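A.B. asks: Hey, dropping structure_7.cif in here, mmCIF, C-alpha atoms:
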data_my_file
loop_
_atom_site.label_atom_id
_atom_site.label_comp_id
_atom_site.auth_asym_id
_atom_site.auth_seq_id
_atom_site.Cartn_x
_atom_site.Cartn_y
_atom_site.Cartn_z
CA MET A 13 2.53 19.01 34.47
CA ARG A 14 0.50 20.89 31.92
CA ARG A 15 3.27 20.53 29.38
CA ILE A 16 3.31 16.77 29.92
CA SER A 17 -0.42 16.44 29.44
CA VAL A 18 -0.20 18.49 26.24
CA LEU A 19 2.57 16.17 25.04
CA VAL A 20 0.52 13.10 25.92
CA LEU A 21 -2.46 14.53 24.04
CA MET A 22 -0.26 15.23 21.04
CA MET A 23 1.07 11.68 21.10
CA ILE A 24 -2.40 10.20 21.34
CA SER A 25 -3.62 12.30 18.42
CA ALA A 26 -0.51 11.36 16.43
CA TYR A 27 -1.17 7.70 17.12
CA ALA A 28 -4.82 8.04 16.17
CA SER A 29 -3.91 9.51 12.80
CA VAL A 30 -1.42 6.75 12.00
CA SER A 31 -2.45 3.82 9.84
CA ALA A 32 -0.98 0.41 9.24
CA GLN A 33 1.44 -0.28 6.43
CA GLU A 34 2.90 -3.54 5.21
CA LEU A 35 5.38 -2.74 2.43
CA TYR A 36 8.28 -3.90 4.59
CA VAL A 37 11.83 -2.93 3.71
CA PHE A 38 13.90 -5.85 5.04
CA THR A 39 11.27 -8.60 4.66
CA GLU A 40 8.37 -9.51 2.37
CA PRO A 41 4.71 -9.34 3.47
CA ALA A 42 2.36 -12.29 2.93
CA SER A 43 0.40 -10.11 0.50
CA ASN A 44 1.32 -10.26 -3.16
CA MET A 45 1.90 -7.71 -5.87
CA PRO A 46 -0.96 -7.12 -8.34
CA THR A 47 -1.64 -9.63 -11.11
CA LYS A 48 -0.01 -8.95 -14.48
CA SER A 49 2.22 -6.26 -13.01
CA ILE A 50 5.97 -5.86 -13.13
CA GLY A 51 8.11 -4.23 -10.48
CA VAL A 52 11.74 -3.20 -10.90
CA ARG A 53 14.00 -2.63 -7.94
CA ILE A 54 17.52 -1.39 -7.53
CA THR A 55 18.94 -1.88 -4.05
CA ASN A 56 22.24 -0.72 -2.60
CA GLU A 57 23.49 -2.27 0.65
CA GLY A 58 26.61 -1.10 2.41
CA MET A 59 28.76 -1.72 5.46
CA PHE A 60 31.35 0.72 6.78
CA ASN A 61 33.41 -1.69 8.90
CA TYR A 62 34.08 -4.68 6.69
CA PRO A 63 36.86 -3.53 7.79
CA GLY A 64 36.62 -0.79 5.15
CA TYR A 65 33.54 0.34 3.22
CA VAL A 66 31.99 -2.27 0.95
CA SER A 67 28.71 -2.27 -0.91
CA ARG A 68 26.44 -4.56 -2.87
CA THR A 69 24.09 -3.60 -5.68
CA ILE A 70 21.03 -5.74 -6.34
CA PRO A 71 19.01 -5.22 -9.52
CA GLU A 72 15.71 -7.06 -9.20
CA VAL A 73 12.66 -7.78 -11.35
CA MET A 74 9.34 -8.82 -9.79
CA ILE A 75 6.41 -10.34 -11.65
CA GLY A 76 2.83 -10.92 -10.42
CA PHE A 77 1.57 -13.98 -12.31
CA ASN A 78 -1.83 -14.14 -10.64
CA LYS A 79 -3.40 -12.98 -7.40
CA ASN A 80 -1.61 -15.75 -5.47
CA LEU A 81 1.73 -16.29 -7.21
CA MET A 82 4.60 -13.87 -7.69
CA MET A 83 8.30 -14.16 -8.43
CA HIS A 84 11.49 -12.15 -7.98
CA ALA A 85 14.74 -12.50 -9.94
CA GLN A 86 17.82 -10.84 -8.48
CA ALA A 87 21.46 -10.32 -9.46
CA PHE A 88 24.18 -9.53 -6.93
CA LEU A 89 27.19 -7.30 -7.57
CA SER A 90 29.72 -6.27 -4.93
CA ASP A 91 33.29 -5.33 -4.09
CA MET A 92 33.39 -7.54 -1.00
CA ASP A 93 36.20 -9.69 -2.45
CA GLY A 94 38.21 -6.89 -3.98
CA LYS A 95 37.09 -5.57 -7.32
CA TYR A 96 33.44 -4.84 -8.02
CA ARG A 97 31.99 -7.87 -9.84
CA LEU A 98 28.91 -9.93 -10.48
CA GLU A 99 28.85 -12.50 -7.69
CA GLY A 100 25.60 -14.37 -8.22
CA GLY A 101 21.84 -14.41 -8.58
CA SER A 102 18.67 -15.62 -6.94
CA LEU A 103 15.12 -16.66 -7.79
CA TYR A 104 12.36 -16.19 -5.23
CA ALA A 105 8.72 -17.30 -5.50
CA LYS A 106 5.86 -16.58 -3.12
CA TYR A 107 2.47 -18.25 -3.04
CA ARG A 108 -0.39 -16.82 -0.97
CA PHE A 109 -2.56 -19.64 0.31
CA LEU A 110 -4.75 -17.87 2.84
CA SER A 111 -6.59 -14.51 2.88
CA LEU A 112 -9.14 -13.62 5.50
CA ASP A 113 -10.21 -10.08 4.65
CA GLU A 114 -12.56 -8.04 6.81
CA ALA A 115 -13.46 -4.37 6.60
CA HIS A 116 -10.71 -3.14 8.93
CA SER A 117 -8.44 -6.13 9.28
CA HIS A 118 -6.94 -8.92 7.29
CA PHE A 119 -4.87 -12.00 7.90
CA ARG A 120 -2.82 -13.49 5.11
CA ALA A 121 -0.43 -16.40 4.89
CA SER A 122 2.07 -17.27 2.17
CA ALA A 123 4.72 -19.86 1.49
CA PHE A 124 7.96 -18.93 -0.21
CA GLY A 125 10.96 -20.62 -1.75
CA ARG A 126 14.32 -19.33 -2.88
CA VAL A 127 17.25 -20.74 -4.83
CA SER A 128 20.50 -18.80 -4.96
CA ALA A 129 23.94 -19.00 -6.47
CA SER A 130 27.03 -17.09 -5.39
CA ARG A 131 30.70 -17.39 -6.24
CA ARG A 132 31.86 -15.80 -3.02
CA PRO A 133 34.22 -17.80 -0.80
CA THR A 134 32.71 -19.00 2.49
CA TYR A 135 34.31 -18.26 5.84
CA THR A 136 31.40 -18.24 8.31
CA ARG A 137 28.51 -20.38 9.49
CA ASP A 138 26.15 -17.58 8.56
CA ILE A 139 24.05 -18.07 5.42
CA ASN A 140 22.84 -15.13 3.34
CA LEU A 141 21.15 -16.24 0.14
CA GLU A 142 21.01 -12.65 -1.08
CA GLY A 143 24.57 -12.54 -2.36
CA ASP A 144 26.86 -14.47 -0.05
CA ASN A 145 25.90 -18.15 -0.41
CA SER A 146 24.61 -20.73 -2.84
CA GLY A 147 21.67 -22.63 -1.46
CA VAL A 148 17.93 -23.09 -1.09
CA GLN A 149 15.42 -21.70 1.37
CA GLY A 150 11.79 -22.31 2.17
CA GLY A 151 9.46 -20.67 4.63
CA LEU A 152 6.17 -19.18 5.70
CA ILE A 153 4.97 -15.59 6.09
CA PHE A 154 2.00 -14.45 8.17
CA THR A 155 0.74 -10.89 7.95
CA GLN A 156 -1.95 -9.43 10.18
CA LEU A 157 -3.45 -6.02 9.56
CA LEU A 158 -5.39 -4.83 12.58
CA HIS A 159 -6.72 -1.29 12.37
CA LYS A 160 -3.63 0.84 12.91
CA LEU A 161 -1.04 -1.90 13.14
CA ALA A 162 0.37 -4.21 10.47
CA LEU A 163 2.38 -7.06 11.93
CA SER A 164 4.21 -9.62 9.85
CA SER A 165 6.21 -12.65 10.79
CA THR A 166 8.53 -14.71 8.61
CA LEU A 167 9.90 -18.15 9.40
CA GLY A 168 12.49 -19.65 7.09
CA TYR A 169 14.87 -22.55 6.84
CA ALA A 170 17.90 -22.34 4.55
CA HIS A 171 20.32 -24.96 3.37
CA ALA A 172 23.67 -23.92 1.87
CA PHE A 173 25.16 -25.98 -0.96
CA GLU A 174 28.57 -27.41 -0.30
CA ASN A 175 31.26 -25.15 -1.56
CA SER A 176 34.53 -27.10 -1.21
CA ASN A 177 36.28 -25.16 -4.00
CA ARG A 178 35.66 -21.81 -2.44
CA GLN A 179 35.67 -22.82 1.22
CA ILE A 180 38.49 -21.02 3.04
CA ALA A 181 40.63 -23.58 4.89
CA GLY A 182 40.11 -23.68 8.64
CA MET A 183 36.90 -21.69 8.53
CA PRO A 184 33.55 -23.08 9.69
CA GLN A 185 31.33 -24.52 6.99
CA PRO A 186 27.77 -23.27 6.63
CA LYS A 187 25.08 -25.95 6.51
CA ASN A 188 21.64 -24.91 7.65
CA MET A 189 20.13 -21.75 9.04
CA LEU A 190 16.88 -20.91 10.75
CA SER A 191 15.67 -17.37 10.12
CA TYR A 192 12.82 -15.49 11.74
CA SER A 193 11.54 -11.96 11.74
CA LEU A 194 8.85 -9.73 13.17
CA SER A 195 7.96 -6.54 11.29
CA SER A 196 5.65 -3.63 12.01
CA GLY A 197 4.78 -0.70 9.81
CA TYR A 198 2.90 2.59 10.04
CA LEU A 199 1.53 5.01 7.52
CA VAL A 200 2.50 8.45 8.85
CA LEU A 201 1.51 10.72 5.97
CA PRO A 202 -0.78 11.74 4.41
CA ILE A 203 -3.32 12.08 7.19
CA VAL A 204 -6.00 12.87 4.62
CA TYR A 205 -5.71 11.55 1.07
CA LYS A 206 -6.44 13.89 -1.81
CA ASP A 207 -5.15 12.10 -4.90
CA TYR A 208 -2.66 9.57 -6.26
CA LYS A 209 0.01 12.26 -6.73
CA GLN A 210 0.32 12.87 -3.01
CA PRO A 211 3.49 11.33 -1.49
CA ASN A 212 3.07 8.70 1.24
CA PHE A 213 5.48 8.52 4.13
CA ASN A 214 5.82 5.25 6.05
CA MET A 215 7.90 4.08 9.00
CA TYR A 216 8.96 0.56 9.87
CA LEU A 217 10.57 -1.32 12.69
CA GLU A 218 11.72 -4.86 12.08
CA LEU A 219 13.42 -7.51 14.20
CA LEU A 220 15.55 -9.89 12.11
CA GLY A 221 17.05 -13.02 13.62
CA LYS A 222 19.01 -16.09 12.59
CA THR A 223 20.06 -19.24 14.42
CA ASP A 224 22.46 -21.93 13.26
CA PRO A 225 20.82 -25.12 14.57
CA SER A 226 24.08 -27.11 14.62
CA SER A 227 26.15 -24.70 16.71
CA GLY A 228 23.37 -22.78 18.44
CA HIS A 229 24.95 -19.49 17.39
CA SER A 230 22.46 -16.70 16.80
CA TYR A 231 22.02 -13.04 16.14
CA LEU A 232 19.20 -10.55 16.33
CA ASP A 233 19.09 -7.24 14.49
CA ILE A 234 16.90 -4.21 15.05
CA ALA A 235 16.12 -2.59 11.73
CA PRO A 236 14.30 0.76 11.52
CA ALA A 237 13.41 2.10 8.08
CA VAL A 238 11.65 4.99 6.37
CA GLN A 239 9.80 4.86 3.08
CA VAL A 240 8.42 7.38 0.64
CA ILE A 241 5.91 6.47 -2.07
CA LEU A 242 5.73 8.88 -4.99
CA ASN A 243 3.00 9.13 -7.59
CA SER A 244 1.50 5.89 -6.23
CA THR A 245 3.96 3.88 -8.34
CA THR A 246 7.49 4.60 -7.11
CA ARG A 247 8.85 3.55 -3.76
CA ILE A 248 12.04 4.74 -2.03
CA ASP A 249 13.29 2.82 1.04
CA PHE A 250 16.06 3.64 3.45
CA GLY A 251 16.87 1.46 6.43
CA TYR A 252 19.66 0.38 8.75
CA ARG A 253 20.09 -2.88 10.63
CA PHE A 254 21.90 -2.80 13.97
CA GLN A 255 23.01 -5.99 15.67
CA ALA A 256 21.26 -5.99 19.07
CA ALA A 257 22.61 -9.33 20.22
CA GLY A 258 24.60 -12.13 18.68
CA ASN A 259 27.49 -14.56 18.87
CA MET A 260 27.96 -15.63 15.26
CA ASP A 261 31.48 -14.95 14.05
CA ASN A 262 32.04 -13.04 10.80
CA ARG A 263 28.32 -12.86 10.14
CA TYR A 264 26.97 -11.22 7.00
CA THR A 265 24.89 -8.02 6.75
CA LYS A 266 26.11 -6.73 10.11
CA ASN A 267 25.36 -3.06 10.84
CA MET A 268 24.33 -2.48 7.26
CA TYR A 269 22.39 0.26 5.53
CA LEU A 270 19.94 -0.40 2.70
CA LEU A 271 18.83 2.09 0.06
CA ARG A 272 16.28 1.04 -2.55
CA ALA A 273 14.18 2.42 -5.37
CA GLU A 274 11.23 0.43 -6.69
CA PHE A 275 9.20 1.19 -9.80
CA ASN A 276 5.85 -0.47 -10.45
CA PHE A 277 4.18 -1.00 -13.80
CA PHE A 278 0.59 -2.12 -13.33
CA ASN A 279 -1.24 -4.36 -15.86
CA VAL A 280 1.62 -4.47 -18.33
CA LEU A 281 1.43 -8.24 -18.89
CA LYS A 282 -1.25 -9.71 -21.15
CA MET B 18 -41.12 12.68 -45.66
CA LYS B 19 -40.93 14.79 -42.57
CA ALA B 20 -43.40 12.51 -40.85
CA ILE B 21 -41.23 9.51 -41.63
CA LYS B 22 -38.23 11.29 -40.18
CA ILE B 23 -40.05 12.11 -36.97
CA PHE B 24 -41.43 8.60 -36.87
CA SER B 25 -37.98 7.06 -37.25
CA ILE B 26 -36.58 9.34 -34.55
CA ILE B 27 -39.35 8.24 -32.22
CA ILE B 28 -38.68 4.58 -33.09
CA LEU B 29 -34.96 5.15 -32.47
CA PHE B 30 -35.75 6.74 -29.13
CA PHE B 31 -37.75 3.71 -28.05
CA ALA B 32 -35.12 1.31 -29.38
CA VAL B 33 -32.47 3.02 -27.27
CA ASN B 34 -34.78 3.05 -24.31
CA VAL B 35 -35.56 -0.66 -24.57
CA SER B 36 -31.94 -1.74 -24.65
CA ALA B 37 -30.96 0.85 -22.05
CA GLN B 38 -28.31 -0.17 -19.60
CA GLN B 39 -29.34 -2.07 -16.52
CA ILE B 40 -26.63 -0.84 -14.20
CA SER B 41 -25.44 2.74 -14.54
CA THR B 42 -23.12 3.27 -11.57
CA ALA B 43 -21.82 1.42 -8.53
CA ASP B 44 -20.07 2.26 -5.29
CA LEU B 45 -17.36 -0.32 -4.75
CA GLN B 46 -15.87 -0.66 -1.27
CA VAL B 47 -12.45 -2.36 -1.29
CA THR B 48 -10.87 -3.79 1.84
CA GLY B 49 -7.21 -4.31 2.67
CA LEU B 50 -5.94 -1.15 0.95
CA THR B 51 -3.20 0.43 3.04
CA CYS B 52 -1.53 2.86 0.68
CA SER B 53 -2.19 4.92 -2.41
CA MET B 54 -0.08 2.42 -4.39
CA CYS B 55 -2.55 -0.33 -3.46
CA SER B 56 -5.48 1.90 -4.50
CA ASN B 57 -3.68 2.79 -7.72
CA ALA B 58 -3.11 -0.90 -8.53
CA THR B 59 -6.83 -1.57 -7.94
CA GLN B 60 -7.83 1.41 -10.07
CA LYS B 61 -5.58 0.29 -12.96
CA SER B 62 -6.93 -3.24 -12.67
CA LEU B 63 -10.57 -2.00 -12.82
CA GLU B 64 -9.80 0.25 -15.78
CA THR B 65 -8.95 -2.78 -17.92
CA LEU B 66 -12.66 -3.73 -17.97
CA GLY B 67 -14.26 -2.72 -21.27
CA PHE B 68 -17.68 -1.97 -19.81
CA ILE B 69 -16.40 0.61 -17.31
CA SER B 70 -16.25 4.20 -18.51
CA SER B 71 -14.78 5.78 -15.39
CA VAL B 72 -13.37 4.91 -11.96
CA LYS B 73 -13.39 7.69 -9.36
CA PRO B 74 -11.61 6.86 -6.11
CA ASP B 75 -12.27 8.12 -2.61
CA LEU B 76 -8.81 7.34 -1.22
CA ASN B 77 -9.80 8.00 2.39
CA LYS B 78 -12.81 5.70 2.42
CA ASN B 79 -11.36 3.17 -0.07
CA ILE B 80 -14.46 3.50 -2.24
CA PHE B 81 -14.34 3.49 -6.03
CA VAL B 82 -17.30 5.03 -7.85
CA LEU B 83 -17.70 3.08 -11.08
CA THR B 84 -19.59 4.49 -14.04
CA PHE B 85 -20.54 1.94 -16.67
CA LYS B 86 -20.71 2.48 -20.40
CA LYS B 87 -24.17 2.94 -21.89
CA ASP B 88 -25.68 -0.28 -23.25
CA ALA B 89 -22.70 -2.29 -22.09
CA ASN B 90 -23.20 -5.70 -20.55
CA VAL B 91 -21.98 -5.15 -16.99
CA ASN B 92 -20.45 -8.21 -15.35
CA LEU B 93 -20.21 -7.72 -11.59
CA ASP B 94 -18.22 -10.93 -11.15
CA LEU B 95 -15.49 -9.48 -13.35
CA VAL B 96 -15.43 -6.35 -11.17
CA ARG B 97 -14.89 -8.58 -8.13
CA LYS B 98 -12.18 -10.56 -9.96
CA LYS B 99 -10.26 -7.40 -10.90
CA VAL B 100 -10.20 -6.29 -7.25
CA GLN B 101 -8.95 -9.73 -6.21
CA ASP B 102 -6.34 -9.70 -8.99
CA ALA B 103 -4.92 -6.51 -7.52
CA GLY B 104 -4.55 -8.41 -4.23
CA PHE B 105 -7.56 -7.09 -2.31
CA SER B 106 -11.20 -7.93 -1.54
CA VAL B 107 -14.59 -6.40 -2.16
CA GLY B 108 -16.12 -5.21 1.10
CA GLY B 109 -19.36 -4.03 -0.49
CA LEU B 110 -20.90 -3.16 -3.84
CA THR B 111 -23.99 -0.97 -4.12
CA ALA B 112 -25.24 -0.39 -7.65
CA ASN B 113 -27.88 1.72 -9.35
CA PHE B 114 -30.04 -0.62 -11.43
CA ASN B 115 -32.29 0.91 -14.07
CA PHE B 116 -35.42 -1.19 -14.06
CA ASN B 117 -38.41 -0.82 -16.33
CA ASP B 118 -41.42 -2.69 -14.92
CA VAL B 119 -39.35 -5.54 -13.56
CA LYS B 120 -41.51 -8.14 -11.86
CA VAL B 121 -40.10 -9.67 -8.72
CA ASP B 122 -41.84 -13.01 -8.12
CA ASP B 123 -42.98 -14.55 -4.82
CA LYS B 124 -39.51 -15.98 -4.24
CA GLY B 125 -37.90 -12.59 -4.73
CA GLN B 126 -36.54 -13.54 -8.15
CA ALA B 127 -36.39 -11.26 -11.16
CA VAL B 128 -34.96 -11.91 -14.62
CA VAL B 129 -33.75 -8.83 -16.49
CA ASN B 130 -32.20 -9.24 -19.98
CA GLY B 131 -31.01 -12.70 -19.09
CA ASN B 132 -29.51 -11.67 -15.74
CA VAL B 133 -31.06 -13.38 -12.74
CA TYR B 134 -31.41 -11.47 -9.48
CA ARG B 135 -32.82 -12.65 -6.19
CA PHE B 136 -33.90 -9.99 -3.75
CA VAL B 137 -33.46 -10.77 -0.09
CA ASN B 138 -35.97 -8.13 1.03
CA VAL B 139 -38.43 -7.77 -1.88
CA LYS B 140 -41.14 -10.22 -2.90
CA GLY B 141 -44.09 -10.09 -5.29
CA LYS B 142 -43.55 -6.52 -6.44
CA THR B 143 -42.89 -4.59 -9.63
CA LEU B 144 -39.82 -2.36 -9.66
CA SER B 145 -39.40 0.66 -11.91
CA GLY B 146 -36.89 3.44 -12.23
CA THR B 147 -33.47 3.66 -10.61
CA ILE B 148 -33.19 1.05 -7.90
CA LYS B 149 -30.30 1.17 -5.44
CA ALA B 150 -29.32 -2.31 -4.30
CA SER B 151 -26.32 -4.03 -2.75
CA VAL B 152 -24.87 -7.33 -3.91
CA VAL B 153 -24.57 -9.68 -0.92
CA ASP B 154 -23.05 -12.74 -2.63
CA LYS B 155 -19.86 -14.47 -1.53
CA ASP B 156 -16.77 -12.26 -1.99
CA PHE B 157 -18.97 -9.17 -2.47
CA ILE B 158 -19.18 -8.71 1.31
CA SER B 159 -16.78 -9.63 4.10
CA GLY B 160 -16.41 -13.27 5.06
CA SER B 161 -18.12 -12.81 8.41
CA ALA B 162 -21.02 -10.88 6.84
CA PHE B 163 -21.43 -13.67 4.27
CA ARG B 164 -21.62 -16.36 6.95
CA LYS B 165 -24.20 -14.31 8.85
CA GLN B 166 -26.25 -13.78 5.69
CA ALA B 167 -25.95 -17.48 4.71
CA ALA B 168 -27.40 -18.55 8.06
CA THR B 169 -30.62 -16.63 7.41
CA ALA B 170 -30.80 -16.71 3.60
CA ASN B 171 -33.90 -18.40 2.21
CA SER B 172 -32.42 -18.87 -1.26
CA ASP B 173 -31.05 -22.32 -2.12
CA ALA B 174 -28.66 -20.58 -4.55
CA TYR B 175 -27.10 -18.27 -1.98
CA VAL B 176 -24.03 -20.23 -0.92
CA SER B 177 -22.97 -21.26 -4.43
CA GLY B 178 -24.28 -18.15 -6.22
CA THR B 179 -25.72 -20.37 -8.93
CA GLY B 180 -29.04 -22.12 -9.43
CA VAL B 181 -31.14 -23.77 -12.09
CA VAL B 182 -33.34 -21.27 -13.95
CA ASN B 183 -35.48 -22.56 -16.84
CA GLY B 184 -33.53 -25.83 -16.78
CA LYS B 185 -30.15 -24.13 -17.10
CA LYS B 186 -27.45 -23.60 -14.49
CA THR B 187 -27.30 -19.82 -14.11
CA ARG B 188 -25.45 -17.22 -12.10
CA ILE B 189 -27.83 -15.71 -9.56
CA TYR B 190 -26.94 -12.43 -7.90
CA HIS B 191 -28.47 -11.84 -4.50
CA LEU B 192 -29.45 -8.25 -3.83
CA VAL B 193 -30.59 -6.23 -0.87
CA LEU B 194 -32.72 -3.24 -1.84
CA SER B 195 -31.57 -0.17 0.05
#
With the file now loaded, output its structure as structure tokens.

C.D. replies:
Amino acid sequence: MRRISVLVLMMISAYASVSAQELYVFTEPASNMPTKSIGVRITNEGMFNYPGYVSRTIPEVMIGFNKNLMMHAQAFLSDMDGKYRLEGGSLYAKYRFLSLDEAHSHFRASAFGRVSASRRPTYTRDINLEGDNSGVQGGLIFTQLLHKLALSSTLGYAHAFENSNRQIAGMPQPKNMLSYSLSSGYLVLPIVYKDYKQPNFNMYLELLGKTDPSSGHSYLDIAPAVQVILNSTTRIDFGYRFQAAGNMDNRYTKNMYLLRAEFNFFNVLK
Amino acid sequence: MKAIKIFSIIILFFAVNVSAQQISTADLQVTGLTCSMCSNATQKSLETLGFISSVKPDLNKNIFVLTFKKDANVNLDLVRKKVQDAGFSVGGLTANFNFNDVKVDDKGQAVVNGNVYRFVNVKGKTLSGTIKASVVDKDFISGSAFRKQAATANSDAYVSGTGVVNGKKTRIYHLVLS
């Protein structure tokens, strides 16, 4: 009994020392990167049962044009169709249209758009504009920071371009896809800040879902992730997405790990 | 010769004193910061301002202590803009103003070197020495605090932050003496 109460006390104190964090690993927050800054990312995604091991590398450049508008440019390379090759690219833009900032909370909303190209063949209804399909996507992001908790929700709608040349005969054709997510993040360390050199340690839990409106097929992933921020400029992410439920055949990004390094250069643009 | 030297030194002393800086330091509270990377981005953004000589952060309280260059023309709106550029908001700004016989009129207004201030809680008084005051204009305090202040403010320039002074549209900072 005593042991339990000690444990409960420890958990309460651990919770009290935790702060909110919104630098999500699998999704984007409604907040933007700083004006006139450049971020460079290199991401590695991998699946062990494709049936074998396959991986994708995504170099990415991010630019903050002003306090409301930012853009990402990505390239996709993978060995999912045999030899490792460049398979496509994507442009992503995010515009923040609402910020309600208070001392210990904020609510922000952004709209985003994406256009992607990929030369991969299509063999599933699933649409993944980060490497697997050519298409466009638009959506909204809402992020709420409330004391110790940072919650973010993304709603998106994607349309895949027709791909008759690379469509595998007899396979379903992708058309449209609804995507939705709910993300939460916590700052675990440091409990007390001393300086910018101190590493930050963050933990995330995200729910990532997709539904094909024409067939009704869906899936929902649970994606935990850890993050380390070094020197207040470099970010290292590691996460894994598990399929919790789903009935979409041959879906992309199933049971996939993600490893990423991000480097930020503040005020480098004139 | 020596007398001239001493005289010129005295003159120089007064000249420096007359054009002495108005604002020496400020405590800047920034809201929405969740990580040291956010604070770092804000710090780097603030450091691009030419009139700031140093930015000292308190990472736990999200306060930046700004020290301004001597004789520099400090623009508080630019400080606010740099915080917003980094993606965050100003939650409060309390500055040390160096006043030398500054007359605050019956409306609470004072003009110092072309800068117009309106005091919310001072009227018909002369201020001298280092005066600690907080800026309570829009985007210098939280949105809810601004709405509360706007409901009771007796300055016609409060909501817009600008007003007509000597026939010219001018930026008016609203201050609360602490």

A.B. asks: Quick one: pull the distance between CA of Leu98 (chain A) and CA of Arg178 (chain A), Å, one decimal.

C.D. replies: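 If I compute the distance from CA of Leu98 (chain A) to CA of Arg178 (chain A), I get 15.9 Å.
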
A.B. asks: Mind checking which residues fall within 12 Å of Ile50 (chain A), counting all atoms listed in the file, ignoring those fewer than 2 positions away in the same chain, and posting them as a PyMOL selection string?

C.D. replies: (chain A and resi 44-48+52-53+72-78+82-85+245+274-282) or (chain B and resi 58)

A.B. asks: Would you give me, as a Markdown table, each residue of chain B having an atom within 6 Å of an atom of chain A, along with its shortest atom pair and that distance in Å to one decimal, using all atoms listed in the file and sorting by chain and residue number?

C.D. replies:
| residue | atom | partner | partner_atom | distance |
| --- | --- | --- | --- | --- |
| B:Thr48 | CA | A:Ala115 | CA | 5.4 |
| B:Thr51 | CA | A:Gln33 | CA | 5.8 |
| B:Ser53 | CA | A:Ser244 | CA | 5.4 |
| B:Met54 | CA | A:Ser244 | CA | 4.2 |
| B:Leu76 | CA | A:Tyr205 | CA | 5.7 |
| B:Asn77 | CA | A:Tyr205 | CA | 5.6 |
| B:Asp102 | CA | A:Lys79 | CA | 4.7 |
| B:Ala103 | CA | A:Pro46 | CA | 4.1 |
| B:Gly104 | CA | A:Pro46 | CA | 5.6 |
| B:Ser159 | CA | A:Glu114 | CA | 5.3 |

A.B. asks: Report as a ChimeraX atom specification the residues that result from applying the PyMOL selection byres ((chain B and resi 87-91) around 12) to the structure here.

C.D. replies: /B:32-43,66-71,83-86,92-97,112-115,129-132

A.B. asks: For C-alpha atoms, I'd like the residues from the last selection saved as a CSV table (one decimal), keeping the file's coordinate frame.

C.D. replies:
chain,number,residue,atom,x,y,z
B,32,ALA,CA,-35.1,1.3,-29.4
B,33,VAL,CA,-32.5,3.0,-27.3
B,34,ASN,CA,-34.8,3.0,-24.3
B,35,VAL,CA,-35.6,-0.7,-24.6
B,36,SER,CA,-31.9,-1.7,-24.6
B,37,ALA,CA,-31.0,0.8,-22.0
B,38,GLN,CA,-28.3,-0.2,-19.6
B,39,GLN,CA,-29.3,-2.1,-16.5
B,40,ILE,CA,-26.6,-0.8,-14.2
B,41,SER,CA,-25.4,2.7,-14.5
B,42,THR,CA,-23.1,3.3,-11.6
B,43,ALA,CA,-21.8,1.4,-8.5
B,66,LEU,CA,-12.7,-3.7,-18.0
B,67,GLY,CA,-14.3,-2.7,-21.3
B,68,PHE,CA,-17.7,-2.0,-19.8
B,69,ILE,CA,-16.4,0.6,-17.3
B,70,SER,CA,-16.2,4.2,-18.5
B,71,SER,CA,-14.8,5.8,-15.4
B,83,LEU,CA,-17.7,3.1,-11.1
B,84,THR,CA,-19.6,4.5,-14.0
B,85,PHE,CA,-20.5,1.9,-16.7
B,86,LYS,CA,-20.7,2.5,-20.4
B,92,ASN,CA,-20.4,-8.2,-15.4
B,93,LEU,CA,-20.2,-7.7,-11.6
B,94,ASP,CA,-18.2,-10.9,-11.2
B,95,LEU,CA,-15.5,-9.5,-13.4
B,96,VAL,CA,-15.4,-6.4,-11.2
B,97,ARG,CA,-14.9,-8.6,-8.1
B,112,ALA,CA,-25.2,-0.4,-7.6
B,113,ASN,CA,-27.9,1.7,-9.4
B,114,PHE,CA,-30.0,-0.6,-11.4
B,115,ASN,CA,-32.3,0.9,-14.1
B,129,VAL,CA,-33.8,-8.8,-16.5
B,130,ASN,CA,-32.2,-9.2,-20.0
B,131,GLY,CA,-31.0,-12.7,-19.1
B,132,ASN,CA,-29.5,-11.7,-15.7

A.B. asks: Compare A:Phe38, A:Phe60, A:Phe254, A:Tyr107 by their minimum atom-to-atom distance to Glu142 (chain A), counting all atoms listed in the file, and give me the closest one.

C.D. replies: A:Phe38

A.B. asks: I would like the residues chosen by the PyMOL selection byres ((chain A and resi 130) around 12) on the shown file; could you give them as a PyMOL selection string?

C.D. replies: chain A and resi 86-90+97-102+127-129+131-134+139-148+172-175+178

A.B. asks: Any chance you could work out the residue set of the PyMOL selection byres ((chain A and resi 225-239) around 9) here, as a VMD selection string?

C.D. replies: chain A and resid 35 to 38 137 187 to 190 212 to 224 240 to 241 247 to 261 263 266 to 267 270

A.B. asks: Nearest to Ser62 (chain B): which of B:Gln101, B:Ser145, B:Asn79, B:Thr169 is it, counting only C-alpha atoms?

C.D. replies: B:Gln101

A.B. asks: Find the distance between CA of Phe157 (chain B) and CA of Ser172 (chain B) and write it in Å to one decimal.

C.D. replies: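 These atoms are spaced 16.6 Å apart.
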
A.B. asks: Could you tell me how far CA of Val181 (chain B) lies from CA of Phe136 (chain B), in Å and to one decimal?

C.D. replies: 16.3 Å

A.B. asks: Which one is closest to Thr65 (chain B): B:Lys78, B:Asp44, B:Lys98, B:Asp123? Count only C-alpha atoms.

C.D. replies: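 Of all the options, B:Lys98 lies closest to Thr65 (chain B).
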
A.B. asks: So, counting only C-alpha atoms, which residue among B:Val121, B:Ile80, B:Ala162, B:Leu110 is closest to Tyr134 (chain B)?

C.D. replies: B:Val121

A.B. asks: As AutoDock Vina command-line options, what would the box around region 116-125 of chain B look like: edges along x, y and z, 6 Å added on every side, centre and edge lengths in Å to one decimal?

C.D. replies:
--center_x -39.2 --center_y -8.4 --center_z -10.3 --size_x 19.6 --size_y 27.2 --size_z 24.1
